[in-house]
Amino acid sequence: MPITRTSAMLAATLSLGLTLTGAPAVASPVTAAHAADVPGELVLPASPRTIPRATRILNAGDSGFLWVQEGDDRLLWTDYSTGAATALDQRLPYTVTYDMDSGYFREVPSFAPGWYGRGSDTVALYEGGDAPHVTLLDKTRTVGKVAIPAGQAYLGTFGRTVLTRTGGEDETQAAHLWRDGTETAVTGLPADATNITVEDGDARSIILKFKVPSEEGSEQGWGHWSLIGLNDGVAVALPDRLAEGQGWEVNGFRLGLHTVLRDRGGRYKFDVLDRDDLRGDYREIETGPFAYADEHGIVGSTFLAVDRVAPGDDKYRGQPLWAVPTDVDNPDETFLMDPSGNQIVQTPDGSALVAGAAAYVEEGDLDWGIYRITEGAGGHAERHRVTDVTPMPAQVYGLSLGSGILTTAENSNSYHPGDYYGNYRSTWLTTPATGTAPAVVRSSVDGHVRGDDGYCYQAQGCVAMFADGTGYHGRRAGSYYSHTMLYANGDAEWGPRVDTGEGSPELADLSGRYGVVNNLPYQRQSIVEFKPGAAGVVLEKREPVAAAVWGSTLWSAAPSGGAVVATQLPGNSVVETFRTTDGCVPTDLQAVGRWVYWVCKESWGSVHASGVYDRTDKRMVAAPAGDVLLGDGYLVQHETGAGLKLLDLTGGQAPRTLVADDELGPPFVWARMGWTVDRFSGGVAYADARQRVHIVPTGIPASALTVIDSTVSTQVAGWAGSWWLSKPAAAWQLTFRDQAGAVIRTLRGSSAQGILKATWDGKDSAGRPVADGTFTWALTAQPADGQGAALTVGGATRTVPAVMKSTKRPWLTGSFVVGGKITANPGTSTPAATAYSYRWSANGVLISGGNSASFVIPPALLGKRLAVMVIGTRPGYMPALTMTNESPTITKGAASQATARPAMTGTTRVGYTVRASVGTWSPKASSYGYEWRLNGTVIRGATGATLELTSSMRGKALTVTVLARQTGYNDGRSTSTAVTVR
């Protein structure tokens with residue numbers, strides 16, 4: 001739920017305390033220093049990011065664990081039994097950051113085993129410098145300090161024992177144990193051991209990895225492992241060679257309560273060794289589907305494994321936690337948790353800690369937490385939630401605000417880089433009275449945010465957004481190919497769109513149904529009209545100029561002389577003109593009601609001049625250039641280091657800082673991405689460092705409520721009116737009167753955000769159809785903010801015959817070939833037609849005599865496409881004219897068929913002439929062709945009805961094929977019986 005400034009300050013105060021319920025949300029809450037100076041401000045909490053907050057457990061003890069989380073600079077101790085987190089007094093020198101695309105941390109504490117303690121409630125905090133030492137804490141309370149002698153390097157703390165190392169890199173090294181002020185040298189390691197590192201450890205033992213330079217060949221590079229007892233410092237070699245010269249086979253070891261895991265990655269296996277008998281019998285595990293998992297553990301007899309996040313497989317939110325029983329043959333591999341984080345931490349009692357989700361969901365919040373995996377009844381692994389992990393705030397990529405409807409583009413709910421980065425989220429706000437904050441009416445998660453707008457530089461993504469003021473929003477970048485699309489607030493589907501016919505379109509301005517779209521690579525600009533539920537249209541194409549739209553008024557910069565011209569859409573009639581101060585040609589325009597902002601820039605980017613034209617007082621107001629947005633009576637400018645500055649164009653207030661720069665949330669501080677204005681209502685919205693969205697009033701009264709665009713029927717039947725408003729309206733009333741002035745019908749509504757729509761069925765208050773004649777209508781609406789006079793507009797309408805509405809389009813059936821019969825199915829309408837007539841056409845040209853429901857296709861229409869206009873009639877209604885879709889292209893009809901085969905007449909002997917008889921055909925052909933063959937081979941040139949037999953033909957089989965031809969039809973073919981030439 002949204003919070004006021006007062007509750008935001010309280011939340012900030014509490015988060016600085018030590019004891020927390022669950023995980024703290026952030027490390028350094030943004031303070032609200034100017035809260036008392038901003039009455040009427042609303043703060044909306046950040047949405048949860050779709051990728052869970054990354055965590056890292058640093059030490060798992062007997063009663064709790066030490067951990068850090070993304071977006072926080074604190075070290076947190078959480079109790080197993082209560083899940084309550086306590087922040088240590090000591091903080092990290094940085095905020096933990098995480099790259100969710102790669103799955104790696106950027107700014108993190110050391111992940112070396114034991115660096116912050118291991119295997120007990122003892123927390124170790126190392127501090128270097130001139131007097132390096134380790135401060136030991138019992139959970140959060142300091143209990144001791146261990147100085148690190150000169151020449152020794154700190155490696156970690158295990159239980160209450162501090163481990164150090166002497167010797168530099170690639171030098172002979174030794175390990176040392178420090179406990180209660182006593183040093184114990186580790187014995188049993190090779191005398192020439194180098195590169196000593198900690199592999200794992202707990203309060204009883206440490207596994208050290210090292211290299212032995214005296215080894216020969218490749219074996220030197222694979223390294224060795226030893227288990228060091230903390231009670232005596234004696235190293236016992238671990239079985240890291242199953243065969244001589246096979247150092248590549250073993251990749252490492254992990255400690256369990258009673259076991260040691262041996263990683264044989266070279267063989268895609270794991271071995272479970274007895275911790276008290278390392279060289280005795282062991283159980284072998286085939287890693288199978290998790291062969292590349294890089295985190296492993298064991299709880300009782302259950303082996304655990306989890307992979308890293310896999311961006312290539314869209315596994316950004318985590319991977320399944322595999323569980324494999326080790327005490328049965330041919331075990332089943334199952335998911336214990338899906339998804340889970342990439343860390344398995346053993347606890348002193350043999351359980352394990354893993355971050356993960358309560359349940360898998362495709363999109364939305366995963367309800368992330370830290371779980372304890374224990375051995376349950378029957379030896380099966382069970383999970384128990386220890387504490388919640390508060391979601392990371394979703395990054396706001398862009399935002400728009402129009403008529404009190406807020407839209408944010410953010411990486412919440414879903415994430416699929418390269419396709420979509422998150423979702424649009426809509427929030428509907430009330431229009432507040434002066435001095436009060438708006439309230440949230442409702443909110444929704446809408447469609448996916450796809451790609452960015454190409455102005456992000458080093459940021460992850462950015463979306464420059466526009467509000468149309470009526471419940472639609474758009475973005476600068478084209479939706480796909482040559483299309484520019486709007487999205488309806490509250491709807492996940494595609495909204496109205498316009499195809500400009502040119503690639504790389506960019507939305508430059510938007511108000512109501514009209515927009516300005518630039519196609520800069522093609523040096524074209526389109527003035528477009530969006531039509532919900534239908535294809536939008538391009539009203540005009542021209543060379544790009546500075547342009548802005550407010551309702552149905554289009555402002556355009558003239559190519560020279562400094563003129564700025566207003567035309568009325570959808571036409572191009574000029575309604576107003578002004579000139580810039582020194583005649584410079586504007587490179588940018590913005591328009592809101594009586595105000596038009598302009599700026600002239602040189603080709604190299606420097607500002608030549610800028611200002612705001614007051615249409616009412618016909619005066620020019622000085623105004624800054626840069627990152628600027630125009631509101632109703634004010635201008636907001638972002639200035640690096642200074643924040644958002646407010647300029648009152650009415651002269652009622654001195655210029656002031658509206659939002660300090662350090663309160664704007666990185667990485668976006670640009671207009672339409674990190675902040676915006678509601679030019680249809682008056683507020684300013686911005687995202688802070690915690691990705692909360694603030695709605696801040698300007699304190700500047702909005703202009704009176706006006707109609708900025710409208711479409712109104714001139715006929716009573718199906719009467720409808722739409723009025724685009726300059727700001728939200730409260731109660732409204734639409735009254736219809738007859739020619740005598742008597743009220744015949746009154747329609748009422750309670751509110752309208754950006755657009756007011758009404759329909760009239762042509763009936764009076766008693767439900768009776770009105771008589772023929774002319775009627776007037778009058779609309780009145782109260783401003784929702786209570787500022788200014790009520791809106792009053794009116795017009796006239798008249799009665800005309802009612803119109804039937806097509807409910808199902810007519811269609812064609814039949815055979816679309818020459819000679820085929822096709823039939824028009826008339827479709828349906830409301831009300832139903834009582835009679836139909838038909839008008840057939842071919843390629844758009846009417847066919848003479850084509851007036852029936854059915855039509856036989858003549859040869860003249862071969863290669864053409866047919867359609868029919870169906871005219872439905874009903875007494876008392878205007879005819880309903882509906883055209884079918886065009887038919888497929890008409891192709892040739894079926895070939896004639898021979899009912900009696902062709903034959904040859906005459907003597908089939910050399911020197912004689914034979915003649916072909918065509919046989920009998922149905923339907924009868926209009927002409928015939930002939931093909932003569934000898935032994936199946938066509939006789940070249942023999943295409944007539946007769947053939948003279950020559951000596952070369954003697955002894956060969958002679959046939960004749962007759963081709964029956966008819967215009968518009970395929971050729972029929974039939975062949976005679978073969979005769980041998982003598």
# chains A, B, ... in the order shown; residues from 1 in each chain; ligands from 1
$ residues_around --residues "Ser81 in chain A" --least-positions-apart "5" --cutoff "9 Å" --atoms "only C-alpha atoms" --output "PDB file with N, CA, C and O atoms, in the first residue's frame"
ATOM      1  N   SER A  63      23.199 -21.640  16.767  1.00  0.00           N
ATOM      2  CA  SER A  63      21.886 -21.061  17.057  1.00  0.00           C
ATOM      3  C   SER A  63      21.402 -20.114  15.968  1.00  0.00           C
ATOM      4  O   SER A  63      20.259 -19.658  16.010  1.00  0.00           O
ATOM      5  N   GLY A  64      22.258 -19.801  15.019  1.00  0.00           N
ATOM      6  CA  GLY A  64      21.857 -18.874  13.969  1.00  0.00           C
ATOM      7  C   GLY A  64      22.934 -18.766  12.907  1.00  0.00           C
ATOM      8  O   GLY A  64      23.885 -19.558  12.878  1.00  0.00           O
ATOM      9  N   VAL A 386      13.293 -20.474   7.699  1.00  0.00           N
ATOM     10  CA  VAL A 386      13.895 -19.806   8.857  1.00  0.00           C
ATOM     11  C   VAL A 386      13.530 -18.326   8.872  1.00  0.00           C
ATOM     12  O   VAL A 386      13.111 -17.790   9.892  1.00  0.00           O
TER      13      VAL A 386
END
$ select_by_dssp --residues "range 689-762 of chain A" --states "strand (DSSP E or B)" --output "ChimeraX atom specification"
/A:693-696,707-712,715,719-725,729-737,743-749,752,755-760
$ residues_around --residues "Thr977 in chain A" --least-positions-apart "5" --cutoff "9 Å" --atoms "only C-alpha atoms" --output "list of chain:residue names"
A:Arg901, A:Pro902, A:Ala903, A:Met904, A:Leu958, A:Thr959, A:Val960
$ write_last_selection --atoms "C-alpha atoms" --output "PDB file, in the first residue's frame"
ATOM      1  CA  ARG A 901     -11.289 -42.139 -77.684  1.00  0.00           C
ATOM      2  CA  PRO A 902      -9.637 -40.655 -80.780  1.00  0.00           C
ATOM      3  CA  ALA A 903      -8.838 -43.075 -83.637  1.00  0.00           C
ATOM      4  CA  MET A 904      -6.835 -43.196 -86.875  1.00  0.00           C
ATOM      5  CA  LEU A 958       2.027 -45.097 -84.034  1.00  0.00           C
ATOM      6  CA  THR A 959      -0.403 -43.160 -81.747  1.00  0.00           C
ATOM      7  CA  VAL A 960      -2.126 -39.810 -81.891  1.00  0.00           C
TER       8      VAL A 960
END
$ select_by_dssp --residues "range 10-169 of chain A" --states "alpha helix (DSSP H)" --output "MDAnalysis selection string"
chainID A and resid 10:15
$ write_last_selection --atoms "N, CA, C and O atoms" --output "compact mmCIF listing (two decimals), in the first residue's frame"
# COMPACT_ATOMS: atom_id res chain seq x y z
N LEU A 10 9.15 7.09 9.50
CA LEU A 10 9.16 6.10 10.57
C LEU A 10 9.84 4.82 10.09
O LEU A 10 10.65 4.23 10.81
N ALA A 11 9.51 4.41 8.84
CA ALA A 11 10.12 3.21 8.29
C ALA A 11 11.63 3.37 8.20
O ALA A 11 12.39 2.45 8.48
N ALA A 12 12.07 4.57 7.82
CA ALA A 12 13.50 4.82 7.72
C ALA A 12 14.16 4.73 9.09
O ALA A 12 15.25 4.18 9.25
N THR A 13 13.50 5.23 10.10
CA THR A 13 14.05 5.20 11.46
C THR A 13 14.16 3.77 11.97
O THR A 13 15.17 3.35 12.51
N LEU A 14 13.09 2.97 11.76
CA LEU A 14 13.10 1.60 12.25
C LEU A 14 14.18 0.77 11.58
O LEU A 14 14.81 -0.08 12.21
N SER A 15 14.40 1.02 10.28
CA SER A 15 15.35 0.18 9.57
C SER A 15 16.78 0.44 10.01
O SER A 15 17.67 -0.33 9.69
$ residues_around --residues "Ala790 in chain A" --least-positions-apart "2" --cutoff "7 Å" --atoms "only C-alpha atoms" --output "list in words"
Leu705, Thr780, Ala781, Gln782, Pro783, Gly788 and Thr792 of chain A
$ residues_around --residues "range 920-928 of chain A" --least-positions-apart "4" --cutoff "10 Å" --atoms "only C-alpha atoms" --output "list in words"
Ala895, Ser896, Gln897, Ala898, Thr899, Ala900, Arg901, Pro902, Gly944, Ala945, Val962, Leu963, Ala964, Arg965, Gln966, Thr967, Tyr969, Asp971, Gly972, Arg973 and Ser974 of chain A
$ atom_distance --atom1 "CA of Thr577 in chain A" --atom2 "CA of Val565 in chain A"
4.5 Å
$ closest_residue --among "A:Ile847, A:Ile405, A:Ala492, A:Val707" --to "Gly471 in chain A" --atoms "only C-alpha atoms"
A:Ile405
$ atom_distance --atom1 "CA of Thr135 in chain A" --atom2 "CA of Ser120 in chain A"
14.9 Å
